[in-house]
file coords-v8.cif (mmCIF, C-alpha atoms and all ligand atoms)
data_entry
#
loop_
_atom_site.label_atom_id
_atom_site.label_comp_id
_atom_site.auth_asym_id
_atom_site.auth_seq_id
_atom_site.Cartn_x
_atom_site.Cartn_y
_atom_site.Cartn_z
CA ARG J 1 104.27 -142.10 47.65
CA THR J 2 103.82 -144.63 44.92
CA VAL J 3 102.78 -143.21 41.57
CA TYR J 4 101.47 -144.96 38.50
CA LEU J 5 103.20 -144.22 35.20
CA ASN J 6 102.40 -145.99 31.92
CA GLY J 7 101.73 -149.38 33.43
CA ALA J 8 104.29 -149.34 36.27
CA TRP J 9 104.07 -148.65 39.99
CA LEU J 10 107.05 -146.50 40.96
CA PRO J 11 108.34 -144.53 43.94
CA GLU J 12 107.63 -140.90 43.05
CA ALA J 13 111.36 -140.06 42.73
CA GLU J 14 111.73 -142.70 40.03
CA ALA J 15 108.77 -141.65 37.92
CA LYS J 16 110.19 -139.75 34.95
CA ILE J 17 108.55 -138.23 31.88
CA SER J 18 110.25 -137.13 28.65
CA VAL J 19 111.08 -133.43 28.21
CA PHE J 20 109.47 -133.84 24.79
CA ASP J 21 106.13 -134.83 26.26
CA ARG J 22 103.37 -132.73 24.68
CA GLY J 23 101.76 -132.35 28.07
CA PHE J 24 104.88 -130.50 29.19
CA LEU J 25 105.50 -128.51 25.98
CA PHE J 26 101.93 -127.70 24.87
CA ALA J 27 99.66 -128.50 27.85
CA ASP J 28 98.34 -131.12 25.43
CA ALA J 29 96.86 -133.23 28.20
CA ILE J 30 93.69 -133.74 30.18
CA TYR J 31 93.17 -134.61 33.84
CA GLU J 32 90.66 -135.81 36.37
CA VAL J 33 90.44 -135.42 40.13
CA THR J 34 88.32 -137.85 42.14
CA GLY J 35 87.66 -137.38 45.85
CA VAL J 36 88.12 -140.17 48.41
CA ILE J 37 86.22 -140.35 51.71
CA ASP J 38 86.54 -143.26 54.16
CA GLY J 39 88.64 -144.97 51.49
CA LYS J 40 85.69 -144.78 49.07
CA LEU J 41 85.79 -143.18 45.63
CA ILE J 42 83.23 -140.38 45.32
CA ASP J 43 81.17 -140.19 42.08
CA TYR J 44 83.71 -142.40 40.33
CA ASP J 45 81.53 -143.38 37.35
CA ALA J 46 80.82 -139.77 36.44
CA HIS J 47 84.53 -138.86 36.63
CA ALA J 48 85.45 -141.84 34.44
CA ALA J 49 82.79 -140.83 31.91
CA ARG J 50 84.07 -137.23 31.78
CA LEU J 51 87.63 -138.50 31.34
CA LYS J 52 86.49 -140.30 28.18
CA ARG J 53 84.71 -137.20 26.88
CA SER J 54 87.81 -135.05 27.45
CA LEU J 55 90.06 -137.56 25.67
CA GLN J 56 87.64 -137.93 22.80
CA ALA J 57 87.42 -134.14 22.38
CA LEU J 58 91.21 -133.94 21.94
CA GLY J 59 91.57 -137.17 20.00
CA ILE J 60 93.79 -138.84 22.59
CA PRO J 61 93.15 -142.58 22.98
CA MET J 62 91.98 -144.03 26.31
CA PRO J 63 95.16 -145.53 27.80
CA VAL J 64 93.41 -148.40 29.65
CA ASP J 65 90.04 -150.15 29.57
CA ASP J 66 87.19 -149.38 32.00
CA GLY J 67 87.84 -152.25 34.38
CA THR J 68 91.55 -151.47 34.62
CA LEU J 69 90.83 -147.80 35.25
CA LEU J 70 88.63 -148.58 38.24
CA ASP J 71 91.13 -151.14 39.51
CA LEU J 72 93.97 -148.58 39.29
CA HIS J 73 91.93 -146.05 41.29
CA ARG J 74 91.28 -148.60 44.03
CA GLN J 75 94.85 -149.85 44.02
CA ILE J 76 96.53 -146.47 44.22
CA ALA J 77 94.35 -145.37 47.14
CA GLN J 78 95.17 -148.61 48.92
CA ARG J 79 98.91 -148.56 48.16
CA ASN J 80 99.23 -145.03 49.50
CA GLY J 81 96.87 -145.53 52.41
CA ILE J 82 94.54 -142.76 51.25
CA THR J 83 91.33 -142.83 53.27
CA GLU J 84 90.59 -139.14 52.69
CA GLY J 85 91.99 -137.09 49.86
CA LEU J 86 92.12 -137.20 46.11
CA ILE J 87 93.25 -139.27 43.19
CA TYR J 88 94.77 -137.27 40.35
CA LEU J 89 95.01 -138.69 36.86
CA GLN J 90 96.53 -137.16 33.75
CA VAL J 91 96.75 -138.33 30.16
CA SER J 92 98.88 -136.44 27.66
CA ARG J 93 99.27 -137.06 23.94
CA GLY J 94 102.78 -138.36 24.60
CA ALA J 95 106.29 -137.47 23.44
CA GLN J 96 107.65 -136.52 20.00
CA ASP J 97 109.98 -133.85 18.56
CA ARG J 98 108.49 -130.43 19.25
CA ASP J 99 105.94 -129.65 16.54
CA PHE J 100 102.62 -127.79 16.58
CA LEU J 101 101.22 -130.57 14.43
CA PHE J 102 100.90 -133.92 16.14
CA PRO J 103 101.52 -137.03 14.07
CA ASP J 104 99.34 -140.07 14.59
CA PRO J 105 99.62 -142.36 16.37
CA LEU J 106 101.23 -141.30 19.59
CA GLU J 107 101.57 -143.33 22.75
CA PRO J 108 99.75 -141.39 25.49
CA THR J 109 101.50 -140.70 28.78
CA PHE J 110 99.32 -141.83 31.65
CA VAL J 111 100.07 -140.74 35.21
CA MET J 112 98.21 -141.20 38.48
CA PHE J 113 99.07 -140.01 41.97
CA THR J 114 97.32 -139.44 45.26
CA GLN J 115 97.20 -136.54 47.64
CA ALA J 116 96.03 -136.89 51.23
CA LYS J 117 93.65 -134.04 51.98
CA ARG J 118 91.08 -133.33 54.60
CA ILE J 119 87.80 -132.98 52.75
CA LEU J 120 85.28 -133.42 55.58
CA ASP J 121 84.83 -130.75 58.27
CA ASN J 122 86.51 -128.11 56.14
CA PRO J 123 86.68 -124.91 58.30
CA LYS J 124 85.48 -123.02 55.21
CA TRP J 125 82.16 -124.83 55.48
CA ASN J 126 81.38 -122.64 58.50
CA LYS J 127 83.21 -119.50 57.52
CA GLY J 128 82.52 -119.30 53.81
CA ILE J 129 84.81 -117.69 51.25
CA SER J 130 85.16 -114.39 49.41
CA LEU J 131 85.37 -114.14 45.63
CA LYS J 132 86.57 -111.45 43.28
CA THR J 133 85.17 -111.23 39.74
CA VAL J 134 87.71 -111.20 36.91
CA ALA J 135 87.36 -111.30 33.15
CA GLU J 136 87.08 -114.79 31.67
CA GLY J 137 90.41 -115.30 29.94
CA ARG J 138 90.59 -119.02 29.32
CA TRP J 139 90.15 -120.65 25.93
CA SER J 140 86.59 -121.26 24.74
CA ARG J 141 86.43 -125.04 25.14
CA ARG J 142 86.20 -125.18 28.92
CA GLN J 143 84.08 -128.32 29.00
CA ILE J 144 87.32 -130.23 28.29
CA LYS J 145 89.32 -130.74 31.48
CA THR J 146 92.72 -129.76 30.09
CA VAL J 147 95.81 -128.96 32.13
CA GLN J 148 95.93 -125.42 30.69
CA LEU J 149 95.50 -123.92 34.15
CA LEU J 150 97.89 -120.97 34.05
CA TYR J 151 95.28 -118.24 33.66
CA SER J 152 93.23 -119.64 36.54
CA SER J 153 96.31 -120.05 38.72
CA PHE J 154 97.58 -116.53 37.96
CA GLU J 155 94.26 -114.86 38.65
CA LYS J 156 93.67 -116.82 41.83
CA MET J 157 97.15 -115.88 43.06
CA GLU J 158 96.50 -112.21 42.35
CA ALA J 159 93.14 -112.36 44.13
CA HIS J 160 94.86 -113.99 47.12
CA ARG J 161 97.34 -111.13 47.30
CA GLU J 162 94.39 -108.78 47.47
CA GLY J 163 92.80 -110.75 50.31
CA TYR J 164 90.18 -112.77 48.42
CA ASP J 165 89.92 -116.55 48.57
CA ASP J 166 89.25 -117.17 44.89
CA VAL J 167 88.10 -115.65 41.63
CA LEU J 168 84.82 -115.83 39.76
CA PHE J 169 85.17 -115.66 35.99
CA VAL J 170 82.77 -113.37 34.12
CA GLU J 171 82.08 -113.31 30.38
CA ASN J 172 79.74 -110.72 28.77
CA GLY J 173 78.48 -109.82 32.23
CA HIS J 174 77.56 -113.42 32.98
CA VAL J 175 79.21 -115.73 35.51
CA THR J 176 80.94 -118.81 34.12
CA GLU J 177 82.60 -120.49 37.14
CA ALA J 178 85.33 -120.13 39.78
CA SER J 179 89.01 -120.99 39.16
CA SER J 180 88.52 -124.67 39.95
CA ALA J 181 84.89 -125.08 40.98
CA ASN J 182 81.38 -124.41 39.69
CA PHE J 183 79.40 -121.49 41.10
CA HIS J 184 75.74 -121.53 42.12
CA ILE J 185 73.27 -119.19 43.76
CA ILE J 186 70.10 -119.54 45.81
CA SER J 187 67.65 -116.83 44.78
CA ARG J 188 65.58 -114.83 47.27
CA GLU J 189 62.68 -117.10 46.25
CA GLY J 190 64.71 -120.13 47.31
CA ARG J 191 65.55 -121.47 43.84
CA LEU J 192 68.88 -123.06 43.05
CA ILE J 193 70.27 -121.31 39.98
CA THR J 194 73.32 -122.65 38.19
CA ARG J 195 74.70 -121.97 34.74
CA ASP J 196 73.50 -124.34 32.02
CA LEU J 197 76.04 -126.71 30.49
CA SER J 198 77.91 -125.52 27.41
CA ASN J 199 81.49 -125.05 26.25
CA ALA J 200 81.68 -122.01 28.58
CA LEU J 201 82.33 -124.05 31.72
CA LEU J 202 83.49 -127.40 33.03
CA HIS J 203 80.63 -129.84 33.47
CA GLY J 204 81.39 -130.38 37.13
CA ILE J 205 80.58 -133.78 38.54
CA THR J 206 79.80 -132.35 41.97
CA ARG J 207 77.59 -129.76 40.27
CA GLY J 208 75.54 -132.57 38.74
CA SER J 209 75.33 -134.47 42.02
CA ILE J 210 74.23 -131.45 44.03
CA LEU J 211 71.66 -130.47 41.40
CA ASP J 212 70.25 -133.97 41.46
CA LEU J 213 70.06 -134.05 45.26
CA ALA J 214 68.46 -130.60 45.32
CA ARG J 215 65.71 -131.74 42.92
CA ARG J 216 65.11 -134.90 44.91
CA ALA J 217 64.81 -132.77 48.05
CA GLY J 218 62.07 -130.74 46.35
CA LEU J 219 64.09 -127.60 45.67
CA GLU J 220 63.20 -125.72 42.49
CA THR J 221 66.18 -125.44 40.16
CA GLU J 222 67.01 -123.36 37.11
CA GLU J 223 69.89 -124.09 34.75
CA ARG J 224 70.62 -120.80 33.02
CA SER J 225 73.28 -118.12 32.89
CA PHE J 226 73.05 -115.21 35.32
CA THR J 227 74.77 -111.87 35.85
CA VAL J 228 77.14 -110.70 38.56
CA ALA J 229 74.40 -108.32 39.76
CA GLU J 230 72.02 -111.26 40.20
CA ALA J 231 74.68 -113.17 42.13
CA LYS J 232 75.29 -110.20 44.44
CA ALA J 233 71.56 -109.92 45.12
CA ALA J 234 71.14 -113.65 45.85
CA ALA J 235 70.19 -115.07 49.24
CA GLU J 236 73.10 -117.53 49.17
CA ALA J 237 75.91 -118.64 46.92
CA PHE J 238 78.33 -121.55 46.90
CA ILE J 239 80.92 -123.35 44.82
CA THR J 240 81.22 -127.09 44.25
CA SER J 241 84.14 -129.36 43.37
CA ALA J 242 85.38 -132.90 43.95
CA THR J 243 87.94 -131.82 46.53
CA SER J 244 85.83 -129.38 48.53
CA PHE J 245 82.27 -130.69 47.93
CA LEU J 246 80.34 -127.46 48.63
CA ILE J 247 81.78 -124.24 50.03
CA PRO J 248 79.55 -121.25 50.81
CA VAL J 249 80.45 -117.94 49.17
CA VAL J 250 79.66 -115.12 51.59
CA SER J 251 80.93 -112.13 49.60
CA LEU J 252 81.51 -111.11 46.00
CA ASP J 253 83.78 -108.15 45.19
CA GLY J 254 83.40 -107.08 48.81
CA THR J 255 79.58 -107.09 48.70
CA ASN J 256 77.94 -109.42 51.21
CA ILE J 257 75.78 -112.17 49.75
CA GLY J 258 72.66 -112.45 51.91
CA ASP J 259 73.71 -111.35 55.38
CA GLY J 260 77.35 -112.28 54.70
CA THR J 261 77.21 -115.53 56.65
CA VAL J 262 76.78 -119.17 55.63
CA GLY J 263 73.18 -119.83 54.55
CA PRO J 264 70.95 -122.81 55.39
CA VAL J 265 70.19 -124.12 51.89
CA GLY J 266 73.83 -124.66 50.90
CA ARG J 267 74.51 -126.33 54.22
CA ARG J 268 71.54 -128.63 53.75
CA LEU J 269 72.71 -129.65 50.28
CA LEU J 270 76.21 -130.29 51.60
CA ASP J 271 74.82 -132.49 54.39
CA LEU J 272 72.66 -134.39 51.90
CA TYR J 273 75.67 -134.98 49.65
CA ILE J 274 77.87 -136.25 52.49
CA LYS J 275 75.10 -138.48 53.83
CA ASP J 276 74.32 -139.90 50.40
CA ARG J 277 77.92 -140.63 49.37
CA ARG J 278 79.45 -141.80 52.64
N1 LIG K 301 88.73 -128.84 39.59
N2 LIG K 301 85.34 -125.96 37.19
C1 LIG K 301 86.67 -126.04 37.04
C2 LIG K 301 87.33 -125.05 36.16
C3 LIG K 301 87.38 -127.05 37.72
O1 LIG K 301 88.72 -127.13 37.56
C4 LIG K 301 86.70 -127.97 38.55
C5 LIG K 301 87.39 -129.07 39.28
C6 LIG K 301 85.30 -127.83 38.68
C7 LIG K 301 84.49 -128.76 39.53
O2 LIG K 301 84.35 -130.02 38.89
P1 LIG K 301 84.16 -131.36 39.73
O3 LIG K 301 82.92 -131.17 40.57
O4 LIG K 301 83.97 -132.40 38.69
O5 LIG K 301 85.38 -131.52 40.56
C8 LIG K 301 84.66 -126.82 37.98
C9 LIG K 301 89.52 -129.87 40.21
C10 LIG K 301 89.00 -130.33 41.53
C11 LIG K 301 90.97 -129.39 40.27
O6 LIG K 301 91.38 -128.75 39.32
O7 LIG K 301 91.67 -129.67 41.25
#

call {"tool": "encode", "arguments": {"input": "coords-v8.cif", "output": "structure tokens"}}
result
Amino acid sequence: RTVYLNGAWLPEAEAKISVFDRGFLFADAIYEVTGVIDGKLIDYDAHAARLKRSLQALGIPMPVDDGTLLDLHRQIAQRNGITEGLIYLQVSRGAQDRDFLFPDPLEPTFVMFTQAKRILDNPKWNKGISLKTVAEGRWSRRQIKTVQLLYSSFEKMEAHREGYDDVLFVENGHVTEASSANFHIISREGRLITRDLSNALLHGITRGSILDLARRAGLETEERSFTVAEAKAAAEAFITSATSFLIPVVSLDGTNIGDGTVGPVGRRLLDLYIKDRR
């Protein structure tokens, strides 16, 4: 694979980053993941906009201008022959002697790579997944897409060992999101309920797209926080992310959601999303 590093296209074995990089030492870095289908970038503009918000929140400068950023996304997909998969991008504050304080200015480290991945016809679309609730243990500024992913990775790993597919984070009895996806329910009355945007969760791009499509399709929607009990009593549930689109959740802590099979509303929203973006 060819990777992009600070202005150069390099074979992955030749792409090297300083051991003093603050991304490495402090997780002082943000990232973005954009899906690719049929060689096309999915929801690119929204991902680029969130990238800027994340950088601004941490005071890291944008490494390239808007036009270059889009061009790099197109180029890297083309160079690596990615027709289906993802483009990963990371910007760290850069390298300096290890210090909790960061002097200004620093030269950001900017990396991009691709990963081929089958997004369409995911077997989980038909089977659904199981989630286990765990206490929310991440820092409180989760709207920033930082690379501080250890808590999420650890908890997901533990859940896997216990036979679950993923975790659902819970704070004060209310659902925030899954380890790397937003969580939504369809109430018994047929309403799409998803947590309102705040610092408590990542403002998922796919979340926004699905919400928009649901409204256009005439579905009633509510953006508000909800409890684990409400999620367990829902007719359907699903998670959304750039690399999986929409995956039905059929059980929570071992309790079936609905009848424990994939529900029609989630499937319809998934089909609408694929049709609209392809
Ligand atoms: N994760 N919430 C969290 C904590 C996430 O890490 C992600 C995405 C989402 C969904 O956001 P979006 O729809 O913009 O992808 C929600 C990416 C895919 C990852 O870490 O690989």

call {"tool": "atom_distance", "arguments": {"input": "coords-v8.cif", "atom1": "CA of Arg53 (chain J)", "atom2": "CA of Trp139 (chain J)"}}
result
17.4 Å

call {"tool": "axis_aligned_box", "arguments": {"input": "coords-v8.cif", "around": "region 189-206 of chain J", "padding_each_side": "5 Å", "output": "AutoDock Vina command-line options"}}
result
--center_x 73.1 --center_y -125.4 --center_z 36.8 --size_x 30.8 --size_y 26.7 --size_z 31.1

call {"tool": "atom_distance", "arguments": {"input": "coords-v8.cif", "atom1": "atom N2 of ligand LIG 301 (chain K)", "atom2": "CA of Glu177 (chain J)"}}
result
6.1 Å

call {"tool": "residues_around", "arguments": {"input": "coords-v8.cif", "residues": "Ser54 (chain J)", "least_positions_apart": "6", "cutoff": "10 Å", "atoms": "all atoms listed in the file", "output": "MDAnalysis selection string"}}
result
chainID J and resid 29:32 60 62 91 143:146

call {"tool": "closest_residue", "arguments": {"input": "coords-v8.cif", "among": "J:Gly190, J:Pro103, J:Gly254, J:Gly35", "to": "ligand LIG 301 (chain K)", "atoms": "only C-alpha atoms and all ligand atoms"}}
result
J:Gly35

call {"tool": "residues_around", "arguments": {"input": "coords-v8.cif", "residues": "region 116-120 of chain J", "least_positions_apart": "3", "cutoff": "7 Å", "atoms": "all atoms listed in the file", "output": "JSON, numbers by chain"}}
result
{"J": [82, 84, 85, 86, 243, 244]}

call {"tool": "closest_atom_pairs", "arguments": {"input": "coords-v8.cif", "of": "chain J", "to": "ligand LIG 301 (chain K)", "cutoff": "6 Å", "atoms": "only C-alpha atoms and all ligand atoms", "output": "Markdown table"}}
result
| residue | atom | partner | partner_atom | distance |
| --- | --- | --- | --- | --- |
| J:Val33 | CA | K:LIG301 | C10 | 5.5 |
| J:Ser179 | CA | K:LIG301 | C2 | 5.3 |
| J:Ser180 | CA | K:LIG301 | O1 | 3.4 |
| J:Ala181 | CA | K:LIG301 | C8 | 3.5 |
| J:Asn182 | CA | K:LIG301 | C8 | 4.4 |
| J:Leu202 | CA | K:LIG301 | N2 | 4.8 |
| J:Gly204 | CA | K:LIG301 | O2 | 3.5 |
| J:Ile205 | CA | K:LIG301 | O4 | 3.7 |
| J:Thr206 | CA | K:LIG301 | O3 | 3.6 |
| J:Arg207 | CA | K:LIG301 | O3 | 5.5 |
| J:Thr240 | CA | K:LIG301 | O3 | 5.8 |
| J:Ser241 | CA | K:LIG301 | O3 | 3.6 |
| J:Ala242 | CA | K:LIG301 | O5 | 3.7 |
| J:Thr243 | CA | K:LIG301 | C10 | 5.3 |

call {"tool": "atom_distance", "arguments": {"input": "coords-v8.cif", "atom1": "CA of Ser198 (chain J)", "atom2": "CA of Gly23 (chain J)"}}
result
24.8 Å

call {"tool": "closest_residue", "arguments": {"input": "coords-v8.cif", "among": "J:Ile247, J:Ile193, J:Thr34, J:His184", "to": "Gln115 (chain J)", "atoms": "all atoms listed in the file"}}
result
J:Thr34

call {"tool": "residues_near_point", "arguments": {"input": "coords-v8.cif", "point": "(104.0, -141.6, 44.4)", "cutoff": "9 Å", "atoms": "all atoms listed in the file", "output": "list in words"}}
result
Arg1, Thr2, Val3, Tyr4, Trp9, Leu10, Pro11, Glu12, Ala13, Glu14, Ala15, Ile76, Asn80, Met112, Phe113 and Thr114 of chain J

call {"tool": "closest_residue", "arguments": {"input": "coords-v8.cif", "among": "J:Asp253, J:Asp271, J:Asp28, J:Asp166", "to": "Gln148 (chain J)", "atoms": "only C-alpha atoms"}}
result
J:Asp28

call {"tool": "closest_atom_pairs", "arguments": {"input": "coords-v8.cif", "of": "region 153-250 of chain J", "to": "region 124-134 of chain J", "cutoff": "12 Å", "atoms": "only C-alpha atoms", "output": "CSV"}}
result
residue,atom,partner,partner_atom,distance
J:Phe154,CA,J:Val134,CA,11.3
J:Glu155,CA,J:Val134,CA,7.7
J:Lys156,CA,J:Lys132,CA,9.0
J:Met157,CA,J:Lys132,CA,11.5
J:Glu158,CA,J:Lys132,CA,10.0
J:Ala159,CA,J:Lys132,CA,6.7
J:His160,CA,J:Lys132,CA,9.5
J:Arg161,CA,J:Lys132,CA,11.5
J:Glu162,CA,J:Lys132,CA,9.3
J:Gly163,CA,J:Ser130,CA,8.5
J:Tyr164,CA,J:Ser130,CA,5.4
J:Asp165,CA,J:Ser130,CA,5.3
J:Asp166,CA,J:Leu131,CA,5.0
J:Val167,CA,J:Lys132,CA,4.8
J:Leu168,CA,J:Thr133,CA,4.6
J:Phe169,CA,J:Val134,CA,5.2
J:Val170,CA,J:Val134,CA,6.1
J:Glu171,CA,J:Val134,CA,8.9
J:Asn172,CA,J:Val134,CA,11.4
J:Gly173,CA,J:Thr133,CA,10.2
J:His174,CA,J:Thr133,CA,10.4
J:Val175,CA,J:Thr133,CA,8.6
J:Thr176,CA,J:Thr133,CA,10.3
J:Glu177,CA,J:Thr133,CA,10.0
J:Ala178,CA,J:Leu131,CA,8.4
J:Ser179,CA,J:Leu131,CA,10.1
J:Ala181,CA,J:Leu131,CA,11.9
J:Phe183,CA,J:Leu131,CA,10.5
J:Thr227,CA,J:Thr133,CA,11.1
J:Val228,CA,J:Thr133,CA,8.1
J:Ala229,CA,J:Thr133,CA,11.2
J:Ala231,CA,J:Thr133,CA,10.9
J:Lys232,CA,J:Leu131,CA,10.9
J:Glu236,CA,J:Gly128,CA,10.6
J:Ala237,CA,J:Gly128,CA,9.6
J:Phe238,CA,J:Gly128,CA,8.4
J:Ile239,CA,J:Ile129,CA,9.4
J:Thr240,CA,J:Trp125,CA,11.5
J:Ser244,CA,J:Trp125,CA,9.1
J:Phe245,CA,J:Trp125,CA,9.6
J:Leu246,CA,J:Trp125,CA,7.6
J:Ile247,CA,J:Trp125,CA,5.5
J:Pro248,CA,J:Gly128,CA,4.7
J:Val249,CA,J:Ile129,CA,4.8
J:Val250,CA,J:Gly128,CA,5.5

call {"tool": "residues_around", "arguments": {"input": "coords-v8.cif", "residues": "Ala77 (chain J)", "least_positions_apart": "6", "cutoff": "8 Å", "atoms": "all atoms listed in the file", "output": "number ranges by chain"}}
result
J: 39, 83, 87, 114

call {"tool": "closest_residue", "arguments": {"input": "coords-v8.cif", "among": "J:Asp65, J:Asp97, J:Asp38, J:Glu223", "to": "Ser18 (chain J)", "atoms": "only C-alpha atoms"}}
result
J:Asp97

call {"tool": "closest_residue", "arguments": {"input": "coords-v8.cif", "among": "J:Gly94, J:Asn122, J:Asp43, J:Leu149", "to": "Tyr273 (chain J)", "atoms": "all atoms listed in the file"}}
result
J:Asp43

call {"tool": "build_atoms", "arguments": {"input": "coords-v8.cif", "residues": "region 172-194 of chain J", "atoms": "N, CA and C atoms", "output": "PDB file, in the frame of the given file"}}
result
ATOM      1  N   ASN J 172      80.915-111.489  29.225  1.00  0.00           N
ATOM      2  CA  ASN J 172      79.740-110.720  28.770  1.00  0.00           C
ATOM      3  C   ASN J 172      78.769-110.433  29.912  1.00  0.00           C
ATOM      4  N   GLY J 173      79.320-110.141  31.078  1.00  0.00           N
ATOM      5  CA  GLY J 173      78.480-109.820  32.230  1.00  0.00           C
ATOM      6  C   GLY J 173      77.917-111.022  32.965  1.00  0.00           C
ATOM      7  N   HIS J 174      78.115-112.218  32.389  1.00  0.00           N
ATOM      8  CA  HIS J 174      77.560-113.420  32.980  1.00  0.00           C
ATOM      9  C   HIS J 174      78.640-114.289  33.629  1.00  0.00           C
ATOM     10  N   VAL J 175      78.288-114.883  34.755  1.00  0.00           N
ATOM     11  CA  VAL J 175      79.210-115.730  35.510  1.00  0.00           C
ATOM     12  C   VAL J 175      79.446-117.036  34.754  1.00  0.00           C
ATOM     13  N   THR J 176      80.706-117.455  34.649  1.00  0.00           N
ATOM     14  CA  THR J 176      80.940-118.810  34.120  1.00  0.00           C
ATOM     15  C   THR J 176      81.176-119.772  35.287  1.00  0.00           C
ATOM     16  N   GLU J 177      82.309-119.620  35.991  1.00  0.00           N
ATOM     17  CA  GLU J 177      82.600-120.490  37.140  1.00  0.00           C
ATOM     18  C   GLU J 177      83.776-119.908  37.910  1.00  0.00           C
ATOM     19  N   ALA J 178      84.163-120.567  38.999  1.00  0.00           N
ATOM     20  CA  ALA J 178      85.330-120.130  39.780  1.00  0.00           C
ATOM     21  C   ALA J 178      86.581-120.770  39.182  1.00  0.00           C
ATOM     22  N   SER J 179      87.764-120.522  39.767  1.00  0.00           N
ATOM     23  CA  SER J 179      89.010-120.990  39.160  1.00  0.00           C
ATOM     24  C   SER J 179      89.065-122.512  39.033  1.00  0.00           C
ATOM     25  N   SER J 180      88.527-123.209  40.035  1.00  0.00           N
ATOM     26  CA  SER J 180      88.520-124.670  39.950  1.00  0.00           C
ATOM     27  C   SER J 180      87.286-125.256  40.628  1.00  0.00           C
ATOM     28  N   ALA J 181      86.162-124.606  40.407  1.00  0.00           N
ATOM     29  CA  ALA J 181      84.890-125.080  40.980  1.00  0.00           C
ATOM     30  C   ALA J 181      83.739-124.407  40.247  1.00  0.00           C
ATOM     31  N   ASN J 182      82.578-125.026  40.268  1.00  0.00           N
ATOM     32  CA  ASN J 182      81.380-124.410  39.690  1.00  0.00           C
ATOM     33  C   ASN J 182      80.731-123.497  40.719  1.00  0.00           C
ATOM     34  N   PHE J 183      79.999-122.505  40.234  1.00  0.00           N
ATOM     35  CA  PHE J 183      79.400-121.490  41.100  1.00  0.00           C
ATOM     36  C   PHE J 183      77.874-121.538  40.978  1.00  0.00           C
ATOM     37  N   HIS J 184      77.198-121.427  42.100  1.00  0.00           N
ATOM     38  CA  HIS J 184      75.740-121.530  42.120  1.00  0.00           C
ATOM     39  C   HIS J 184      75.160-120.492  43.074  1.00  0.00           C
ATOM     40  N   ILE J 185      73.923-120.091  42.815  1.00  0.00           N
ATOM     41  CA  ILE J 185      73.270-119.190  43.760  1.00  0.00           C
ATOM     42  C   ILE J 185      71.909-119.742  44.188  1.00  0.00           C
ATOM     43  N   ILE J 186      71.472-119.292  45.353  1.00  0.00           N
ATOM     44  CA  ILE J 186      70.100-119.540  45.810  1.00  0.00           C
ATOM     45  C   ILE J 186      69.399-118.189  45.763  1.00  0.00           C
ATOM     46  N   SER J 187      68.345-118.118  44.954  1.00  0.00           N
ATOM     47  CA  SER J 187      67.650-116.830  44.780  1.00  0.00           C
ATOM     48  C   SER J 187      66.859-116.500  46.045  1.00  0.00           C
ATOM     49  N   ARG J 188      66.398-115.258  46.119  1.00  0.00           N
ATOM     50  CA  ARG J 188      65.580-114.830  47.270  1.00  0.00           C
ATOM     51  C   ARG J 188      64.305-115.670  47.381  1.00  0.00           C
ATOM     52  N   GLU J 189      63.880-116.234  46.241  1.00  0.00           N
ATOM     53  CA  GLU J 189      62.680-117.100  46.250  1.00  0.00           C
ATOM     54  C   GLU J 189      63.035-118.538  46.618  1.00  0.00           C
ATOM     55  N   GLY J 190      64.306-118.788  46.871  1.00  0.00           N
ATOM     56  CA  GLY J 190      64.710-120.130  47.310  1.00  0.00           C
ATOM     57  C   GLY J 190      65.010-121.100  46.177  1.00  0.00           C
ATOM     58  N   ARG J 191      65.221-120.585  44.964  1.00  0.00           N
ATOM     59  CA  ARG J 191      65.550-121.470  43.840  1.00  0.00           C
ATOM     60  C   ARG J 191      67.058-121.610  43.703  1.00  0.00           C
ATOM     61  N   LEU J 192      67.455-122.828  43.354  1.00  0.00           N
ATOM     62  CA  LEU J 192      68.880-123.060  43.050  1.00  0.00           C
ATOM     63  C   LEU J 192      69.111-122.706  41.584  1.00  0.00           C
ATOM     64  N   ILE J 193      69.975-121.731  41.353  1.00  0.00           N
ATOM     65  CA  ILE J 193      70.270-121.310  39.980  1.00  0.00           C
ATOM     66  C   ILE J 193      71.736-121.593  39.668  1.00  0.00           C
ATOM     67  N   THR J 194      71.951-122.306  38.589  1.00  0.00           N
ATOM     68  CA  THR J 194      73.320-122.650  38.190  1.00  0.00           C
ATOM     69  C   THR J 194      73.404-122.565  36.672  1.00  0.00           C
TER      70      THR J 194
END
